[in-house]
Amino acid sequence: MDELKDIFESIDELALRGGITRNRALAAWYAITFFDQDEDEALEAAEADGGNDQGIDIVLADMSSQQIVIIQAHCPDNTKKITPKSKWDALIASLAFIKNPESLRNSGRIDLAELIENAFEAHPDFSISIGLVSLGKKSEEIEKSLVAQQKSKITDDFSFFYMAQENVISKYKSLIEAESGIPEDTLTFDSGYFEDVGDYGRAWIGSVTSKELIRLSNKYDNELFAGNVRLFLGERKGGINEQIIKTATEKPGQFWALNNGITIVADSATPGKTKNLLTLKRFSIVNGCQTTSCLVQAGETHAKVLTRVIATNATLKNEIIRYNNSQNAVKIWAVRAADNTQKELRAEFDKVGITYSPKQEGTRKKHKISIIELDKVTQFLASREQTYLIQAINNKSQLFDEPYQKIFKQGIKAKTVYLAWLVGSLADVARQERLKALKANNKNDPNIGLLGIAGAYWIVYCAYKLIDDFSDIESASITLEKMNTEQFKNAIRKYAEMAVDLFYDSAIDTYDQQEYGTFKSTLRSTKFLQKFDSKINNKITKMKGMKKKPLGNLADTAKSIK
C-alpha cells in the first residue's frame, strides 16, 4: 500500500531527526500532518524520552478545535496484525497522571509533567482529548471500549478517539489527494442560486439543505473533503462542533443565519435544466467539513447552509484551499515568500537550478537538502547571531516580523542564504549522527537531551563562530555554482562536525540542572547562552593559536573547485 509506505518513510525520517522511537515519531507525524503543528515543536514534545511515560507520547494544543490533545501512538513492525487491546488500556491508565501531572514529576518525569502543566496553564479553557493512533489494523475490542469510555460519567472531563491503520490511511489519502476530489456529481440548491463571474473564474451562491449535504457525505465519506486537511474533529464537549449539532437539531430554522457556510471548489460546474441544479466535476468541500459532518451527526432536519461553488483553474484552486482552511491558516512566512527580497533571491537560485522557497504544500514531506524551505532557512540565518538564536528556537514566526528586515538585509546575496541552508542542514545531520552514536554507546548519558531538536540551532551558532574565524566567506571565489557541489558541502560538513563537538562539550560544561531546569528550558535561556558563549569563545581562541589549523578556509575550497 503506497500510502502506508509514504507514512513510514516520513516516520523514519522524524525518528532519525529526533532520535526517538517509531512510536513517538508516529505521534509527532500525526501532530504535524493533521494538527498543523510545527515540526520542531512536535519533535520536541515527542522527544521527552525515558521510562515511566505512562503511555503518553505527545501533548499538543490545537488552536483550531481548542483542545489539548494527548496521544499514545502504536507503530508495529507487522502492520497486518490487529492493534493490541493493551495499547488502549495503557492509554486509559494514563488518565490519573494527566489529571495529576505532579505524579509524573514524582516518578522522575519532570519534562512530561511540565509539558502537560504548561499546556493546561496556557489554555485553561481548552477541553482535553485523548487518543490512540495506531498503524496496526482496527480492533473491534478497542472500538467497543471507546464507545463505553465516551459514555462513562467518570471521565466526563475528557473526550476520546481511536485512529487505526485504516483511519490514518484514509485521512492521509484525503490530504494528499487535495487537488483531485470527486470526479462528478450534482449539487441541488434549495431555491435557485446567484451566479458571479470574476478573475477567479465562476461562482454560484445559494442555500443547500442538510439533506443534500448528508447525501454527498454518506456517498463519498472523506473523499468529499479532499481539500480539507483537518477532516472532522469530533464532537468536543462544550466546543463549537457540539454547538453546531445542537443548533441543527434544536433550531434548524436559524442554522443558515448562525453558520458561516461552506465552500466547494471544482474544476468545472455546469448549470442543469432547472435553476437549482449544478453538475460539478472534480470537486471537494474545502471549507465546511465540520459543518457538514455535524449535520450528518444531527440527522436530517430542515436546516439550510449558505453554500458557494467556485470553478477555477488548478493554481487558484490550491490558493482557495489554502486561504479557506482557517485551521491551516496562512503562515507569515508564506506571505513573506511573495515579497521583492524573496523574489530576487528565488530568481538568483533559479539560474543555478536550486529550488528556493517553493509554495508550501501543507503536508509533511521528506526533507531534501536540494529544496530550500523559507521558514527553516530563516531560522538558520537567525541562529548565526546571539541576538536571535533563542528567538529562532522559541518562536520562528516572530522572525518574520520586526527582525525580518535585519535577517534579510537589503541586498542580501543568495550565497549568504545558501551558506546558512547548507550549514543548518548539515549541522542537523551531524547532531542526529552524534545523538545516535551516544545512544548506541552510552544509553545512560545524562546530558544526551542537549542534542535534542533545539540543539541544531546552537550547533549552527557554533559553526558560524568557526566559519567567521577560519574562513573568508565574502571571497568572490565562493559562488552559488561552487557551493552547490559535493566538494564544498563536504567542507561544510567538517565545520558542522566540529561545531557539534564545540557545542556539546561547552554545553555540558555550562549546564546546571538546578540553575536552568530541563534541557528544553536550558536551550531557551539567554542566561545560559551568555555563559556558554564565553566558553566557546575561549575554546576557539585556543584553536586559532594552534600551528596546524583544524579547519580549512572555505574560500580555498571554492578556488580548488573547477
# chains A, B, ... in the order shown; residues from 1 in each chain; ligands from 1
>>> residues_around(residues="range 403-414 of chain A", least_positions_apart="3", cutoff="9 Å", atoms="only C-alpha atoms", output="list in words")
Thr341, Gln342, Glu344, Leu345, Arg346, Glu348, Phe349, Thr378, Leu381, Ala382, Tyr388, Gln398, Leu399, Phe400, Val417, Tyr418, Leu419 and Leu480 of chain A
>>> write_last_selection(atoms="N, CA and C atoms", output="mmCIF file, in the first residue's frame")
data_model
loop_
_atom_site.group_PDB
_atom_site.id
_atom_site.type_symbol
_atom_site.label_atom_id
_atom_site.label_comp_id
_atom_site.auth_asym_id
_atom_site.auth_seq_id
_atom_site.Cartn_x
_atom_site.Cartn_y
_atom_site.Cartn_z
ATOM 1 N N THR A 341 12.269 40.898 -1.879
ATOM 2 C CA THR A 341 13.538 40.278 -1.468
ATOM 3 C C THR A 341 13.546 38.804 -1.827
ATOM 4 N N GLN A 342 12.462 38.116 -1.497
ATOM 5 C CA GLN A 342 12.399 36.684 -1.765
ATOM 6 C C GLN A 342 12.280 36.390 -3.262
ATOM 7 N N GLU A 344 13.681 38.174 -5.631
ATOM 8 C CA GLU A 344 15.025 38.367 -6.174
ATOM 9 C C GLU A 344 15.923 37.172 -5.848
ATOM 10 N N LEU A 345 15.813 36.676 -4.615
ATOM 11 C CA LEU A 345 16.604 35.503 -4.226
ATOM 12 C C LEU A 345 16.190 34.284 -5.045
ATOM 13 N N ARG A 346 14.880 34.118 -5.231
ATOM 14 C CA ARG A 346 14.387 32.979 -5.988
ATOM 15 C C ARG A 346 14.927 33.006 -7.420
ATOM 16 N N GLU A 348 17.755 34.377 -8.413
ATOM 17 C CA GLU A 348 19.184 34.029 -8.380
ATOM 18 C C GLU A 348 19.387 32.520 -8.285
ATOM 19 N N PHE A 349 18.612 31.899 -7.409
ATOM 20 C CA PHE A 349 18.740 30.449 -7.231
ATOM 21 C C PHE A 349 18.288 29.694 -8.492
ATOM 22 N N THR A 378 15.338 30.675 7.382
ATOM 23 C CA THR A 378 15.284 31.890 8.205
ATOM 24 C C THR A 378 15.735 31.580 9.632
ATOM 25 N N LEU A 381 19.499 31.336 9.444
ATOM 26 C CA LEU A 381 20.112 32.668 9.336
ATOM 27 C C LEU A 381 20.078 33.387 10.688
ATOM 28 N N ALA A 382 18.959 33.267 11.391
ATOM 29 C CA ALA A 382 18.827 33.912 12.696
ATOM 30 C C ALA A 382 19.767 33.292 13.719
ATOM 31 N N TYR A 388 19.393 36.680 18.006
ATOM 32 C CA TYR A 388 18.184 35.999 17.534
ATOM 33 C C TYR A 388 18.178 34.489 17.756
ATOM 34 N N GLN A 398 7.945 34.887 14.829
ATOM 35 C CA GLN A 398 8.355 36.245 15.186
ATOM 36 C C GLN A 398 9.541 36.727 14.356
ATOM 37 N N LEU A 399 10.310 35.800 13.820
ATOM 38 C CA LEU A 399 11.455 36.190 12.995
ATOM 39 C C LEU A 399 11.008 36.912 11.731
ATOM 40 N N PHE A 400 9.765 36.655 11.318
ATOM 41 C CA PHE A 400 9.248 37.269 10.092
ATOM 42 C C PHE A 400 8.558 38.600 10.363
ATOM 43 N N VAL A 417 22.432 33.217 1.892
ATOM 44 C CA VAL A 417 21.288 32.390 2.281
ATOM 45 C C VAL A 417 21.620 30.910 2.088
ATOM 46 N N TYR A 418 22.299 30.602 0.983
ATOM 47 C CA TYR A 418 22.609 29.201 0.694
ATOM 48 C C TYR A 418 23.605 28.636 1.704
ATOM 49 N N LEU A 419 24.563 29.474 2.115
ATOM 50 C CA LEU A 419 25.522 29.026 3.132
ATOM 51 C C LEU A 419 24.781 28.669 4.418
ATOM 52 N N LEU A 480 27.531 30.538 -5.988
ATOM 53 C CA LEU A 480 26.453 29.560 -5.836
ATOM 54 C C LEU A 480 26.777 28.258 -6.549
#
>>> residues_around(residues="Asp221 in chain A", least_positions_apart="2", cutoff="12 Å", atoms="only C-alpha atoms", output="list in words")
Asn167, Ser170, Lys171, Ser174, Gly181, Ile182, Leu213, Ile214, Arg215, Leu216, Ser217, Asn218, Lys219, Glu223, Leu224, Phe225, Ala226, Leu231, Phe232, Ser284, Ile285, Cys289, Thr292, Ser293 and Val296 of chain A
>>> write_last_selection(atoms="C-alpha atoms", output="PDB file, in the first residue's frame")
ATOM      1  CA  ASN A 167      -8.485   5.509   9.511  1.00  0.00           C
ATOM      2  CA  SER A 170      -7.949   7.243   4.733  1.00  0.00           C
ATOM      3  CA  LYS A 171      -7.228  10.577   6.354  1.00  0.00           C
ATOM      4  CA  SER A 174      -7.631  12.645   1.587  1.00  0.00           C
ATOM      5  CA  GLY A 181     -11.590  15.482  -5.421  1.00  0.00           C
ATOM      6  CA  ILE A 182     -14.750  13.698  -6.598  1.00  0.00           C
ATOM      7  CA  LEU A 213     -25.075  17.563   2.183  1.00  0.00           C
ATOM      8  CA  ILE A 214     -25.838  14.374   4.104  1.00  0.00           C
ATOM      9  CA  ARG A 215     -26.391  12.606   0.771  1.00  0.00           C
ATOM     10  CA  LEU A 216     -22.978  13.657  -0.513  1.00  0.00           C
ATOM     11  CA  SER A 217     -21.255  12.840   2.783  1.00  0.00           C
ATOM     12  CA  ASN A 218     -22.782   9.367   3.012  1.00  0.00           C
ATOM     13  CA  LYS A 219     -21.894   8.664  -0.604  1.00  0.00           C
ATOM     14  CA  GLU A 223     -13.301  11.964  -0.346  1.00  0.00           C
ATOM     15  CA  LEU A 224     -15.807  14.804  -0.128  1.00  0.00           C
ATOM     16  CA  PHE A 225     -13.267  16.757   1.934  1.00  0.00           C
ATOM     17  CA  ALA A 226     -10.178  16.090  -0.184  1.00  0.00           C
ATOM     18  CA  LEU A 231     -11.444  16.377   8.442  1.00  0.00           C
ATOM     19  CA  PHE A 232     -13.969  16.031  11.253  1.00  0.00           C
ATOM     20  CA  SER A 284     -14.440  18.874  -2.933  1.00  0.00           C
ATOM     21  CA  ILE A 285     -15.556  20.834   0.125  1.00  0.00           C
ATOM     22  CA  CYS A 289     -16.013  19.883   6.823  1.00  0.00           C
ATOM     23  CA  THR A 292     -21.180  19.071   7.025  1.00  0.00           C
ATOM     24  CA  SER A 293     -20.086  16.352   9.449  1.00  0.00           C
ATOM     25  CA  VAL A 296     -24.654  14.283   9.374  1.00  0.00           C
TER      26      VAL A 296
END
>>> closest_residue(among="A:Lys489, A:Lys99, A:Lys535, A:Arg308", to="Tyr511 in chain A", atoms="only C-alpha atoms")
A:Lys535
>>> atom_distance(atom1="CA of Thr79 in chain A", atom2="CA of Met163 in chain A")
13.9 Å
>>> select_by_dssp(residues="range 11-214 of chain A", states="strand (DSSP E)", output="NGL selection string")
:A and (58-62 or 67-74 or 127-134 or 158-163 or 182-188 or 193-198 or 201-209)
>>> residues_around(residues="Phe488 in chain A", least_positions_apart="5", cutoff="9 Å", atoms="only C-alpha atoms", output="list in words")
Lys482, Met483, Arg493, Leu554, Thr557, Ala558 and Ile561 of chain A
>>> residues_around(residues="range 188-204 of chain A", least_positions_apart="2", cutoff="8 Å", atoms="only C-alpha atoms", output="PyMOL selection string")
chain A and resi 186+206-209+212+275-278+308-313+316
>>> write_last_selection(atoms="C-alpha atoms", output="PDB file, in the first residue's frame")
ATOM      1  CA  THR A 186     -24.693  17.056  -8.966  1.00  0.00           C
ATOM      2  CA  GLY A 206     -27.173  29.868  -2.691  1.00  0.00           C
ATOM      3  CA  SER A 207     -28.708  27.713   0.041  1.00  0.00           C
ATOM      4  CA  VAL A 208     -28.270  23.946   0.228  1.00  0.00           C
ATOM      5  CA  THR A 209     -30.316  21.717   2.541  1.00  0.00           C
ATOM      6  CA  GLU A 212     -28.330  17.268   0.221  1.00  0.00           C
ATOM      7  CA  LYS A 275     -32.264  26.780 -11.990  1.00  0.00           C
ATOM      8  CA  ASN A 276     -31.359  24.928  -8.808  1.00  0.00           C
ATOM      9  CA  LEU A 277     -29.076  22.197 -10.234  1.00  0.00           C
ATOM     10  CA  LEU A 278     -25.305  22.188 -10.912  1.00  0.00           C
ATOM     11  CA  ARG A 308     -20.711  28.817  -2.664  1.00  0.00           C
ATOM     12  CA  VAL A 309     -19.296  26.792  -5.522  1.00  0.00           C
ATOM     13  CA  ILE A 310     -16.177  28.134  -7.244  1.00  0.00           C
ATOM     14  CA  ALA A 311     -14.986  26.785 -10.593  1.00  0.00           C
ATOM     15  CA  THR A 312     -11.435  27.871 -11.323  1.00  0.00           C
ATOM     16  CA  ASN A 313      -8.011  26.774 -12.612  1.00  0.00           C
ATOM     17  CA  LEU A 316      -6.033  29.291  -7.955  1.00  0.00           C
TER      18      LEU A 316
END
>>> closest_residue(among="A:Lys281, A:Tyr516, A:Ile58, A:Ala73", to="Ala119 in chain A", atoms="only C-alpha atoms")
A:Ile58
>>> residues_around(residues="Gln37 in chain A", least_positions_apart="2", cutoff="10 Å", atoms="only C-alpha atoms", output="VMD selection string")
chain A and resid 28 to 35 39 to 43 60 to 63 328
>>> write_last_selection(atoms="C-alpha atoms", output="mmCIF file, in the first residue's frame")
data_model
loop_
_atom_site.group_PDB
_atom_site.id
_atom_site.type_symbol
_atom_site.label_atom_id
_atom_site.label_comp_id
_atom_site.auth_asym_id
_atom_site.auth_seq_id
_atom_site.Cartn_x
_atom_site.Cartn_y
_atom_site.Cartn_z
ATOM 1 C CA ALA A 28 4.911 13.605 16.004
ATOM 2 C CA TRP A 29 3.999 12.812 12.384
ATOM 3 C CA TYR A 30 0.303 12.736 13.245
ATOM 4 C CA ALA A 31 0.552 16.097 15.044
ATOM 5 C CA ILE A 32 2.449 17.682 12.137
ATOM 6 C CA THR A 33 0.268 16.250 9.393
ATOM 7 C CA PHE A 34 -3.209 16.573 10.839
ATOM 8 C CA PHE A 35 -2.903 19.264 13.511
ATOM 9 C CA GLU A 39 7.862 20.102 13.075
ATOM 10 C CA ASP A 40 10.438 21.239 15.638
ATOM 11 C CA GLU A 41 7.777 21.740 18.309
ATOM 12 C CA ALA A 42 6.178 18.370 17.602
ATOM 13 C CA LEU A 43 9.533 16.593 17.774
ATOM 14 C CA LEU A 60 -0.157 19.394 21.930
ATOM 15 C CA ALA A 61 -2.512 22.367 21.955
ATOM 16 C CA ASP A 62 -4.717 22.536 18.876
ATOM 17 C CA MET A 63 -5.834 26.138 18.436
ATOM 18 C CA ASN A 328 -4.391 25.720 8.130
#
>>> atom_distance(atom1="CA of Gly288 in chain A", atom2="CA of Ile262 in chain A")
4.5 Å
>>> closest_residue(among="A:Gly55, A:Gly424, A:Gly272, A:Gly131", to="Glu373 in chain A", atoms="only C-alpha atoms")
A:Gly424
>>> closest_residue(among="A:Val133, A:Val59, A:Ala440, A:Leu422", to="Gln165 in chain A", atoms="only C-alpha atoms")
A:Val133
>>> closest_residue(among="A:Glu47, A:Asp38, A:Ser475, A:Glu385", to="Ala15 in chain A", atoms="only C-alpha atoms")
A:Glu47
>>> residues_around(residues="Leu135 in chain A", least_positions_apart="4", cutoff="12 Å", atoms="only C-alpha atoms", output="ChimeraX atom specification")
/A:3-5,7-8,11,22-23,26-27,30,72-84,87,139,162-170
>>> residues_around(residues="Ile467 in chain A", least_positions_apart="3", cutoff="9 Å", atoms="only C-alpha atoms", output="VMD selection string")
chain A and resid 462 to 464 470 to 473 495 551 553 to 554
>>> select_by_dssp(residues="range 343-406 of chain A", states="alpha helix (DSSP H)", output="number ranges by chain")
A: 343-351, 374-382, 386-394, 404-406
>>> write_last_selection(atoms="C-alpha atoms", output="PDB file, in the first residue's frame")
ATOM      1  CA  LYS A 343      11.510  37.079  -5.444  1.00  0.00           C
ATOM      2  CA  GLU A 344      15.025  38.367  -6.174  1.00  0.00           C
ATOM      3  CA  LEU A 345      16.604  35.503  -4.226  1.00  0.00           C
ATOM      4  CA  ARG A 346      14.387  32.979  -5.988  1.00  0.00           C
ATOM      5  CA  ALA A 347      15.493  34.348  -9.357  1.00  0.00           C
ATOM      6  CA  GLU A 348      19.184  34.029  -8.380  1.00  0.00           C
ATOM      7  CA  PHE A 349      18.740  30.449  -7.231  1.00  0.00           C
ATOM      8  CA  ASP A 350      16.769  29.571 -10.367  1.00  0.00           C
ATOM      9  CA  LYS A 351      19.781  30.468 -12.511  1.00  0.00           C
ATOM     10  CA  LEU A 374      11.928  29.630   3.731  1.00  0.00           C
ATOM     11  CA  ASP A 375      10.824  29.100   7.327  1.00  0.00           C
ATOM     12  CA  LYS A 376      13.743  26.783   8.062  1.00  0.00           C
ATOM     13  CA  VAL A 377      16.466  28.802   6.313  1.00  0.00           C
ATOM     14  CA  THR A 378      15.284  31.890   8.205  1.00  0.00           C
ATOM     15  CA  GLN A 379      15.815  30.018  11.468  1.00  0.00           C
ATOM     16  CA  PHE A 380      19.303  29.072  10.311  1.00  0.00           C
ATOM     17  CA  LEU A 381      20.112  32.668   9.336  1.00  0.00           C
ATOM     18  CA  ALA A 382      18.827  33.912  12.696  1.00  0.00           C
ATOM     19  CA  GLN A 386      23.368  35.760  19.593  1.00  0.00           C
ATOM     20  CA  THR A 387      20.573  38.348  19.316  1.00  0.00           C
ATOM     21  CA  TYR A 388      18.184  35.999  17.534  1.00  0.00           C
ATOM     22  CA  LEU A 389      19.325  32.482  18.470  1.00  0.00           C
ATOM     23  CA  ILE A 390      16.813  31.977  21.296  1.00  0.00           C
ATOM     24  CA  GLN A 391      14.034  33.526  19.213  1.00  0.00           C
ATOM     25  CA  ALA A 392      14.825  31.152  16.347  1.00  0.00           C
ATOM     26  CA  ILE A 393      14.163  28.249  18.715  1.00  0.00           C
ATOM     27  CA  ASN A 394      11.279  29.718  20.676  1.00  0.00           C
ATOM     28  CA  TYR A 404      12.898  40.073   9.242  1.00  0.00           C
ATOM     29  CA  GLN A 405      14.446  43.208   7.696  1.00  0.00           C
ATOM     30  CA  LYS A 406      17.620  42.663   9.733  1.00  0.00           C
TER      31      LYS A 406
END
